[in-house]
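Next up, entry-v3.txt (compact mmCIF, C-alpha atoms and all ligand atoms):
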# COMPACT_ATOMS: atom_id res chain seq x y z
CA MET B 29 223.85 56.57 88.63
CA LYS B 30 221.63 57.39 85.67
CA ALA B 31 219.15 60.27 85.79
CA ILE B 32 217.27 62.68 83.60
CA ARG B 33 218.65 66.22 83.72
CA ILE B 34 218.19 69.55 82.01
CA HIS B 35 221.09 71.95 81.46
CA ALA B 36 218.89 74.73 80.04
CA PHE B 37 215.14 75.39 80.27
CA GLY B 38 213.22 74.15 77.24
CA GLY B 39 210.72 71.64 75.84
CA PRO B 40 211.00 67.83 76.02
CA ASP B 41 214.19 67.89 73.93
CA ALA B 42 215.96 69.61 76.84
CA LEU B 43 215.70 66.37 78.86
CA SER B 44 218.90 64.36 78.78
CA TYR B 45 219.49 60.82 80.13
CA GLU B 46 222.97 60.84 81.64
CA GLU B 47 225.36 59.82 84.41
CA VAL B 48 225.07 62.01 87.54
CA PRO B 49 226.52 61.78 91.09
CA THR B 50 224.54 59.71 93.65
CA PRO B 51 223.02 62.09 96.23
CA THR B 52 224.56 62.42 99.68
CA LEU B 53 222.48 61.75 102.79
CA ARG B 54 221.60 64.06 105.70
CA ASP B 55 220.77 62.74 109.19
CA ASP B 56 217.01 63.10 108.73
CA GLU B 57 216.92 61.47 105.28
CA VAL B 58 216.83 58.01 103.70
CA LEU B 59 218.66 56.94 100.55
CA VAL B 60 216.22 55.22 98.19
CA ARG B 61 216.94 52.86 95.32
CA ASN B 62 214.26 54.26 93.07
CA LYS B 63 211.86 52.02 91.15
CA ALA B 64 209.49 54.56 89.59
CA ALA B 65 208.86 58.31 89.42
CA GLY B 66 205.55 60.08 88.85
CA VAL B 67 205.18 62.58 86.01
CA ASN B 68 203.05 65.68 86.62
CA PRO B 69 202.24 68.86 84.66
CA ILE B 70 204.49 70.80 87.07
CA ASP B 71 207.44 68.78 85.73
CA TRP B 72 207.23 69.94 82.11
CA LYS B 73 206.14 73.43 83.17
CA THR B 74 209.24 73.76 85.38
CA CYS B 75 211.58 72.30 82.74
CA SER B 76 210.19 74.93 80.34
CA GLY B 77 211.14 77.72 82.76
CA GLY B 78 207.65 78.18 84.32
CA GLY B 79 206.05 76.21 87.17
CA ALA B 80 208.48 75.93 90.08
CA ALA B 81 211.50 77.11 88.04
CA SER B 82 212.07 80.12 90.32
CA PHE B 83 212.72 77.73 93.25
CA ILE B 84 215.21 75.53 91.44
CA GLY B 85 218.39 77.56 91.74
CA LYS B 86 221.30 76.76 89.48
CA LEU B 87 221.00 74.29 86.61
CA PRO B 88 221.49 71.41 85.90
CA PHE B 89 218.23 70.20 87.40
CA VAL B 90 216.95 66.64 87.85
CA PRO B 91 213.12 66.87 87.62
CA GLY B 92 210.55 64.88 89.57
CA TRP B 93 208.96 65.29 93.00
CA GLU B 94 207.42 61.87 93.63
CA PHE B 95 208.73 58.32 93.64
CA ALA B 96 208.43 54.77 94.97
CA GLY B 97 211.41 52.61 95.81
CA VAL B 98 213.37 50.66 98.42
CA VAL B 99 215.28 52.21 101.34
CA GLU B 100 219.02 51.41 101.11
CA LEU B 101 220.46 53.56 103.90
CA VAL B 102 219.03 55.66 106.71
CA GLY B 103 220.47 58.82 108.26
CA ALA B 104 221.52 58.82 111.93
CA ALA B 105 218.34 60.59 113.11
CA VAL B 106 215.85 58.41 111.19
CA GLU B 107 213.76 56.14 113.44
CA ASP B 108 210.69 55.23 111.37
CA PHE B 109 212.36 53.49 108.39
CA LYS B 110 215.04 50.84 107.88
CA PRO B 111 216.96 49.41 104.94
CA GLY B 112 214.72 47.17 102.85
CA ASP B 113 211.49 49.12 103.51
CA GLU B 114 209.39 49.77 100.42
CA VAL B 115 208.37 53.42 100.50
CA PHE B 116 206.80 56.13 98.39
CA GLY B 117 206.84 59.88 98.71
CA PHE B 118 206.30 63.41 97.51
CA ILE B 119 209.34 65.38 98.59
CA ARG B 120 210.95 68.82 98.92
CA PHE B 121 208.42 70.61 96.71
CA PRO B 122 208.85 73.28 95.34
CA GLN B 123 212.63 72.92 95.78
CA ALA B 124 214.43 70.43 93.54
CA ALA B 125 213.94 66.80 94.63
CA GLY B 126 215.62 64.78 91.88
CA CYS B 127 213.15 61.90 91.53
CA TYR B 128 213.84 61.17 87.82
CA ALA B 129 216.89 59.18 88.96
CA GLU B 130 218.08 55.73 90.01
CA HIS B 131 218.77 56.92 93.58
CA LEU B 132 217.38 59.80 95.63
CA ALA B 133 217.69 61.17 99.15
CA ALA B 134 214.27 61.69 100.77
CA PRO B 135 213.39 63.50 104.01
CA ALA B 136 211.96 60.78 106.29
CA SER B 137 209.05 63.03 107.32
CA GLN B 138 207.85 63.25 103.68
CA ILE B 139 207.59 59.53 102.83
CA ALA B 140 205.40 56.61 103.91
CA LEU B 141 205.52 52.82 103.77
CA LYS B 142 204.15 51.49 100.49
CA PRO B 143 201.39 48.92 100.93
CA GLN B 144 202.73 45.52 99.85
CA GLN B 145 200.05 44.99 97.22
CA MET B 146 200.69 48.41 95.64
CA PRO B 147 203.04 48.14 92.63
CA PHE B 148 205.95 50.60 92.70
CA SER B 149 204.56 52.22 89.54
CA GLU B 150 201.29 53.07 91.30
CA GLY B 151 203.06 54.21 94.48
CA ALA B 152 205.12 56.62 92.40
CA GLY B 153 201.98 58.27 91.06
CA LEU B 154 200.07 58.65 94.32
CA GLY B 155 201.98 61.29 96.28
CA LEU B 156 201.70 64.61 94.47
CA ALA B 157 198.22 64.17 93.03
CA GLY B 158 196.86 62.42 96.12
CA LEU B 159 198.08 65.11 98.51
CA THR B 160 196.83 67.86 96.19
CA ALA B 161 193.38 66.25 96.10
CA TRP B 162 193.37 65.77 99.89
CA GLN B 163 194.59 69.28 100.75
CA ALA B 164 192.28 70.96 98.21
CA LEU B 165 189.17 69.03 99.25
CA PHE B 166 189.62 68.91 103.00
CA ASP B 167 192.27 71.40 104.22
CA LYS B 168 191.33 74.28 101.89
CA GLY B 169 187.86 73.18 100.77
CA GLN B 170 186.50 71.98 104.13
CA LEU B 171 184.40 69.39 102.29
CA GLY B 172 181.96 67.47 104.48
CA ALA B 173 179.42 64.67 104.16
CA GLY B 174 176.30 65.54 102.18
CA GLN B 175 177.93 68.49 100.40
CA ARG B 176 178.01 68.95 96.64
CA VAL B 177 181.40 69.13 94.93
CA LEU B 178 182.28 69.76 91.29
CA VAL B 179 185.67 68.42 90.16
CA LEU B 180 186.99 70.02 86.95
CA ALA B 181 189.44 67.80 85.01
CA ALA B 182 188.08 64.85 86.97
CA ALA B 183 189.81 62.22 84.81
CA GLY B 184 193.30 63.66 85.35
CA GLY B 185 195.94 62.85 87.95
CA VAL B 186 194.47 65.00 90.72
CA GLY B 187 190.86 64.70 89.59
CA HIS B 188 190.57 60.91 89.54
CA LEU B 189 191.82 60.70 93.13
CA ALA B 190 189.72 63.69 94.26
CA VAL B 191 186.53 62.04 92.95
CA GLN B 192 187.21 58.92 95.04
CA LEU B 193 188.23 60.83 98.19
CA ALA B 194 185.20 63.14 97.97
CA LYS B 195 182.85 60.21 97.45
CA ALA B 196 184.36 58.36 100.42
CA ALA B 197 183.77 61.51 102.52
CA GLY B 198 180.05 61.26 101.75
CA ALA B 199 179.89 64.11 99.23
CA GLN B 200 177.78 64.21 96.08
CA VAL B 201 180.31 64.37 93.25
CA THR B 202 180.03 65.85 89.76
CA GLY B 203 183.00 65.53 87.42
CA SER B 204 183.87 67.23 84.12
CA ALA B 205 185.67 65.46 81.27
CA SER B 206 185.28 64.72 77.58
CA ALA B 207 182.59 62.15 76.72
CA ALA B 208 185.20 59.42 76.25
CA ASN B 209 185.91 59.58 79.99
CA HIS B 210 182.34 59.57 81.29
CA ALA B 211 181.99 55.83 81.91
CA TYR B 212 185.39 55.97 83.61
CA LEU B 213 184.29 58.82 85.90
CA LYS B 214 181.16 56.92 86.87
CA SER B 215 183.28 53.87 87.68
CA LEU B 216 185.26 56.08 90.09
CA GLY B 217 182.07 57.12 91.86
CA CYS B 218 180.86 60.30 90.13
CA ASP B 219 177.12 60.82 90.66
CA ALA B 220 176.93 63.11 87.62
CA VAL B 221 179.25 63.92 84.72
CA ILE B 222 179.61 66.98 82.50
CA ASP B 223 180.93 66.99 78.94
CA TYR B 224 182.94 70.23 78.85
CA GLN B 225 183.01 70.09 75.04
CA THR B 226 179.23 70.23 74.57
CA GLU B 227 177.71 71.46 77.85
CA ASP B 228 177.84 74.79 79.63
CA LEU B 229 179.21 74.29 83.15
CA SER B 230 177.15 76.89 84.98
CA THR B 231 173.91 75.75 83.30
CA VAL B 232 174.28 72.08 84.21
CA ALA B 233 176.10 72.34 87.58
CA GLN B 234 174.58 74.62 90.19
CA ASP B 235 174.49 75.11 93.95
CA MET B 236 177.91 73.58 94.54
CA ASP B 237 179.41 73.80 98.03
CA LEU B 238 182.87 73.33 96.54
CA VAL B 239 184.51 73.46 93.12
CA LEU B 240 187.92 71.78 92.80
CA ASP B 241 189.21 73.62 89.74
CA GLY B 242 191.85 71.57 87.96
CA MET B 243 191.70 73.80 84.86
CA GLY B 244 192.09 77.40 86.04
CA GLY B 245 191.94 80.41 83.70
CA ASP B 246 188.63 81.13 81.95
CA VAL B 247 187.26 77.67 82.86
CA GLY B 248 187.85 78.30 86.56
CA ILE B 249 186.38 81.81 86.32
CA HIS B 250 183.29 80.46 84.57
CA ALA B 251 182.89 77.77 87.23
CA LEU B 252 182.47 80.43 89.94
CA ALA B 253 178.86 80.63 88.72
CA CYS B 254 178.36 76.98 89.79
CA LEU B 255 178.77 77.86 93.49
CA LYS B 256 175.89 78.26 95.87
CA PRO B 257 175.96 81.36 98.11
CA GLY B 258 178.73 80.77 100.66
CA GLY B 259 180.35 78.07 98.52
CA ARG B 260 184.05 78.12 97.64
CA LEU B 261 186.37 77.31 94.76
CA VAL B 262 189.92 75.98 95.12
CA THR B 263 191.92 76.54 91.95
CA LEU B 264 195.01 74.43 91.18
CA PRO B 265 197.01 75.94 88.28
CA SER B 266 199.17 78.59 89.95
CA VAL B 267 199.71 80.64 86.79
CA THR B 268 196.03 81.68 86.71
CA THR B 269 195.31 81.69 90.47
CA ASP B 270 195.40 85.49 90.80
CA ALA B 271 192.96 85.97 87.91
CA VAL B 272 190.50 83.43 89.35
CA VAL B 273 190.71 84.91 92.85
CA ARG B 274 190.19 88.47 91.48
CA ALA B 275 187.15 87.31 89.50
CA ALA B 276 185.74 85.65 92.62
CA GLU B 277 186.19 88.85 94.63
CA ALA B 278 184.37 90.80 91.93
CA ALA B 279 181.54 88.23 91.94
CA GLY B 280 181.31 88.20 95.76
CA VAL B 281 182.20 84.49 96.14
CA GLN B 282 185.15 82.73 97.79
CA ALA B 283 188.10 81.32 95.87
CA CYS B 284 191.68 80.50 96.77
CA GLY B 285 194.76 78.90 95.29
CA ILE B 286 196.87 76.16 96.79
CA ARG B 287 200.45 74.96 96.79
CA VAL B 288 200.52 71.27 97.64
CA GLU B 289 202.80 70.49 100.58
CA PRO B 290 204.73 67.32 101.38
CA ASN B 291 203.10 65.52 104.33
CA GLY B 292 204.10 62.03 105.48
CA ALA B 293 201.05 61.56 107.71
CA GLN B 294 198.63 62.33 104.88
CA LEU B 295 200.60 59.99 102.59
CA ALA B 296 200.17 57.22 105.17
CA GLU B 297 196.41 57.89 105.17
CA LEU B 298 196.31 57.58 101.37
CA ALA B 299 198.30 54.34 101.62
CA LYS B 300 195.83 52.98 104.18
CA ARG B 301 192.90 53.70 101.89
CA TYR B 302 194.72 52.07 98.97
CA ALA B 303 195.37 48.97 101.10
CA GLN B 304 191.69 48.87 102.13
CA GLY B 305 190.63 49.08 98.49
CA SER B 306 188.76 52.38 98.77
CA LEU B 307 191.33 54.37 96.73
CA LYS B 308 192.60 53.19 93.37
CA LEU B 309 195.21 54.72 91.11
CA THR B 310 194.83 54.64 87.33
CA LEU B 311 198.05 54.33 85.35
CA ALA B 312 197.82 55.99 81.95
CA ALA B 313 201.21 54.60 80.91
CA GLU B 314 204.51 53.35 82.29
CA VAL B 315 207.42 54.86 80.37
CA PRO B 316 211.10 53.86 80.81
CA LEU B 317 213.16 56.60 82.53
CA ALA B 318 215.35 57.04 79.45
CA GLU B 319 212.23 57.99 77.45
CA ALA B 320 211.11 60.79 79.78
CA ARG B 321 210.82 63.12 76.78
CA SER B 322 207.86 61.15 75.50
CA ALA B 323 206.20 61.26 78.95
CA HIS B 324 206.56 65.05 79.05
CA GLN B 325 205.03 65.30 75.57
CA GLN B 326 202.06 63.21 76.69
CA SER B 327 201.57 65.22 79.89
CA ALA B 328 201.74 68.54 78.04
CA GLY B 329 199.03 67.28 75.67
CA GLY B 330 196.58 67.72 78.57
CA HIS B 331 194.52 64.55 78.17
CA VAL B 332 196.20 61.98 80.41
CA ARG B 333 193.72 59.67 82.19
CA GLY B 334 195.06 59.10 85.73
CA LYS B 335 198.84 59.15 86.08
CA LEU B 336 201.92 58.76 83.90
CA VAL B 337 204.97 57.21 85.54
CA LEU B 338 208.58 56.59 84.62
CA THR B 339 209.92 53.12 85.44
CA ILE B 340 213.49 52.61 86.54
N1 LIG L 1 198.76 74.21 92.93
C1 LIG L 1 199.19 72.97 93.15
O1 LIG L 1 199.76 72.66 94.21
C2 LIG L 1 198.94 71.92 92.10
C3 LIG L 1 199.12 70.57 92.42
C4 LIG L 1 198.85 69.62 91.44
C5 LIG L 1 198.44 70.02 90.18
N2 LIG L 1 198.32 71.33 89.91
C6 LIG L 1 197.85 71.78 88.58
O2 LIG L 1 196.51 71.32 88.43
C7 LIG L 1 196.24 71.01 87.08
C8 LIG L 1 195.69 69.59 86.97
O3 LIG L 1 196.73 68.68 87.33
P1 LIG L 1 196.63 67.14 86.92
O4 LIG L 1 197.89 66.49 87.32
O5 LIG L 1 195.35 66.58 87.39
O6 LIG L 1 196.58 67.30 85.31
P2 LIG L 1 196.40 66.20 84.19
O7 LIG L 1 196.49 64.84 84.79
O8 LIG L 1 197.35 66.53 83.11
O9 LIG L 1 194.91 66.46 83.66
C9 LIG L 1 194.53 65.83 82.49
C10 LIG L 1 193.02 65.78 82.41
O10 LIG L 1 192.50 67.06 82.11
C11 LIG L 1 191.25 66.84 81.44
N3 LIG L 1 190.84 68.04 80.71
C12 LIG L 1 191.49 68.67 79.68
N4 LIG L 1 190.78 69.77 79.31
C13 LIG L 1 189.68 69.82 80.11
C14 LIG L 1 188.59 70.73 80.25
N5 LIG L 1 188.47 71.83 79.48
N6 LIG L 1 187.64 70.47 81.20
C15 LIG L 1 187.73 69.38 81.98
N7 LIG L 1 188.74 68.47 81.92
C16 LIG L 1 189.71 68.71 80.99
C17 LIG L 1 191.52 65.68 80.56
O11 LIG L 1 190.28 64.99 80.35
P3 LIG L 1 189.79 64.70 78.83
O12 LIG L 1 190.89 63.84 78.23
O13 LIG L 1 188.50 64.02 79.01
O14 LIG L 1 189.75 66.05 78.17
C18 LIG L 1 192.54 64.84 81.33
O15 LIG L 1 192.00 63.68 81.93
C19 LIG L 1 197.55 71.24 86.33
O16 LIG L 1 197.54 72.54 85.78
C20 LIG L 1 198.60 71.15 87.43
O17 LIG L 1 199.79 71.85 87.12
C21 LIG L 1 198.56 72.30 90.83
Entire entry expressed as structure tokens:
Amino acid sequence: MKAIRIHAFGGPDALSYEEVPTPTLRDDEVLVRNKAAGVNPIDWKTCSGGGAASFIGKLPFVPGWEFAGVVELVGAAVEDFKPGDEVFGFIRFPQAAGCYAEHLAAPASQIALKPQQMPFSEGAGLGLAGLTAWQALFDKGQLGAGQRVLVLAAAGGVGHLAVQLAKAAGAQVTGSASAANHAYLKSLGCDAVIDYQTEDLSTVAQDMDLVLDGMGGDVGIHALACLKPGGRLVTLPSVTTDAVVRAAEAAGVQACGIRVEPNGAQLAELAKRYAQGSLKLTLAAEVPLAEARSAHQQSAGGHVRGKLVLTI
């Protein structure tokens, strides 16, 4: 089968489109004929030797942790899926999962049925960002109805789903983005928007119960001042998590990091909301698998609206 692989850590030029062996199947896994793979910042970070690189083991490495496709074979212990099922998933993270490929083996507990009306390209983009948004807002952030939440990088992969999930939970949602994305953020349900290029976060956003920090670093540290007493910040970029948490401790407020975890039941909940029309996925672009280098360049640019996916 064809896949994208790296043989050494590096920038987009390290990605190579080549023939690789089809994965073998364990009893608790399904073999998927892949139709699309989501592209996330963790992909280019890991291929560069950062991100999840320490979990990858020996190279070569096939990147990609999320996909949508059709089940071809099921392992002996799999009861919930059968050949022909259309599924999507976010799998094995932070270990290698091999989703930038024509076939992949997926643990049955980490996938869900794809709603019929959901194109494969959208299904491929929903898993990683959707579960991150869900786990940051509700598992870590304990967001409830009537609370105020600030989503930093609200137009990005995680942010655009977090805005919709927070709104559906009855929260009052403020999102930050450049001015070009403000109408878009309002269309997703933001009650208020902040232009990070011209406005000072802590002046215009105050008394937040929760900040979902999709930026980290100095931006995340500055956003601690947006919290009300007893509020909390969940920061996403792992490379700056320690610095944000230390700054929160010094300021006497709560902050924590997160590592998104595969979760088939939560994926099924996201699928249900998609099917009901209350959760929509924005595709920034669909890029052919063989051109994964260009998708990594776009992702690393830091201004993707919604999700980038590779089509197979
Ligand atoms: N810890 C975990 O488990 C976990 C899971 C998922 C993601 N992450 C991390 O979380 C971060 C966000 O992920 P993502 O997939 O949502 O990224 P993304 O899709 O690449 O985010 C792109 C968005 O960031 C916005 N942006 C850029 N600079 C900004 C700023 N200063 N203030 C506000 N918005 C800004 C852009 O909006 P404009 O174009 O309007 O600037 C763009 O829409 C990444 O660092 C990722 O690695 C961590």
Quick one: contact table of segment 236-271 of chain B to segment 77-86 of chain B, 10 Å max, nearest atom pair and distance in Å to one decimal per residue, counting all atoms listed in the file, chain and number order, as a tab-separated table?
residue	atom	partner	partner_atom	distance
B:Pro265	CA	B:Gly79	CA	9.1
B:Ser266	CA	B:Gly79	CA	7.8
B:Val267	CA	B:Gly79	CA	7.7
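For the choices B:Leu252, B:Ala105, B:Ala125, B:Glu314, the atom-to-atom distance to Glu277 of chain B is smallest for B:Leu252 when using only C-alpha atoms.
One distance worth recording is that between atom C10 of ligand LIG 1 (chain L) and atom CA of Val186 of chain B, which is 8.5 Å.
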For this session: Could you tell me, counting only C-alpha atoms and all ligand atoms, which protein and nucleic acid residues lie no more than 8 Å from ligand LIG 1 (chain L), written as an NGL selection string?
Result: :B and (68-70 or 73 or 79 or 156-157 or 160-161 or 180-188 or 204-210 or 223-225 or 241-244 or 247 or 263-266 or 285-289 or 327-335)
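For the residues B:Gly66, B:Val232, B:Ala190, B:Met29, ranking by smallest atom-to-atom distance to Gln163 of chain B using all atoms listed in the file places B:Ala190 first.
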Exercise. Near Val60 of chain B, counting all atoms listed in the file, which residues have an atom at most 6 Å away, once you skip same-chain residues fewer than 3 positions from it, shown as a PyMOL selection string?
Worked result: chain B and resi 97-100+131-132
For this session: Find the residues near Pro143 of chain B: any atom within 9 Å, counting only C-alpha atoms, skip ones fewer than 5 places away on the same chain, and give them as number ranges by chain.
Result: B: 114-115, 151, 299-300, 302-303
Exercise. Which residue, B:Gln200, B:Ser76, B:Gln234, B:Gln192, has the smallest gap to Gly172 of chain B when you use all atoms listed in the file?
Worked result: B:Gln200
For this session: Please identify all polymer residues within 8 Å of Trp93 of chain B, counting all atoms listed in the file, omitting same-chain residues fewer than 5 positions from it, and present them as a count of residues only.
Result: 11
Seminar exercise, completed: The residue from B:Gln170, B:Cys254, B:Leu159, B:Leu178 with the smallest atom-to-atom distance to Asn291 of chain B, counting all atoms listed in the file, is B:Leu159
Exercise. Counting all atoms listed in the file, what is within 6 Å of Ala64 of chain B, bar same-chain residues fewer than 5 positions away, as a VMD selection string?
Worked result: chain B and resid 95 to 96 149 152 338 to 340
Dump as an mmCIF file, in the frame of the given file, selection limited to C-alpha atoms:
data_model
loop_
_atom_site.group_PDB
_atom_site.id
_atom_site.type_symbol
_atom_site.label_atom_id
_atom_site.label_comp_id
_atom_site.auth_asym_id
_atom_site.auth_seq_id
_atom_site.Cartn_x
_atom_site.Cartn_y
_atom_site.Cartn_z
ATOM 1 C CA PHE B 95 208.730 58.320 93.640
ATOM 2 C CA ALA B 96 208.430 54.770 94.970
ATOM 3 C CA SER B 149 204.560 52.220 89.540
ATOM 4 C CA ALA B 152 205.120 56.620 92.400
ATOM 5 C CA LEU B 338 208.580 56.590 84.620
ATOM 6 C CA THR B 339 209.920 53.120 85.440
ATOM 7 C CA ILE B 340 213.490 52.610 86.540
#
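Atom CA of Pro290 of chain B to atom CA of Ser137 of chain B spans 8.5 Å [interatomic distance, one decimal].
For the choices B:Met146, B:Thr268, B:Leu240, B:Thr202, the atom-to-atom distance to Gly305 of chain B is smallest for B:Met146 when using all atoms listed in the file.
Nearest residue to Glu150 of chain B, choosing from B:Glu94, B:Asp108, B:Glu297, B:Asp71 and counting all atoms listed in the file: B:Glu94.
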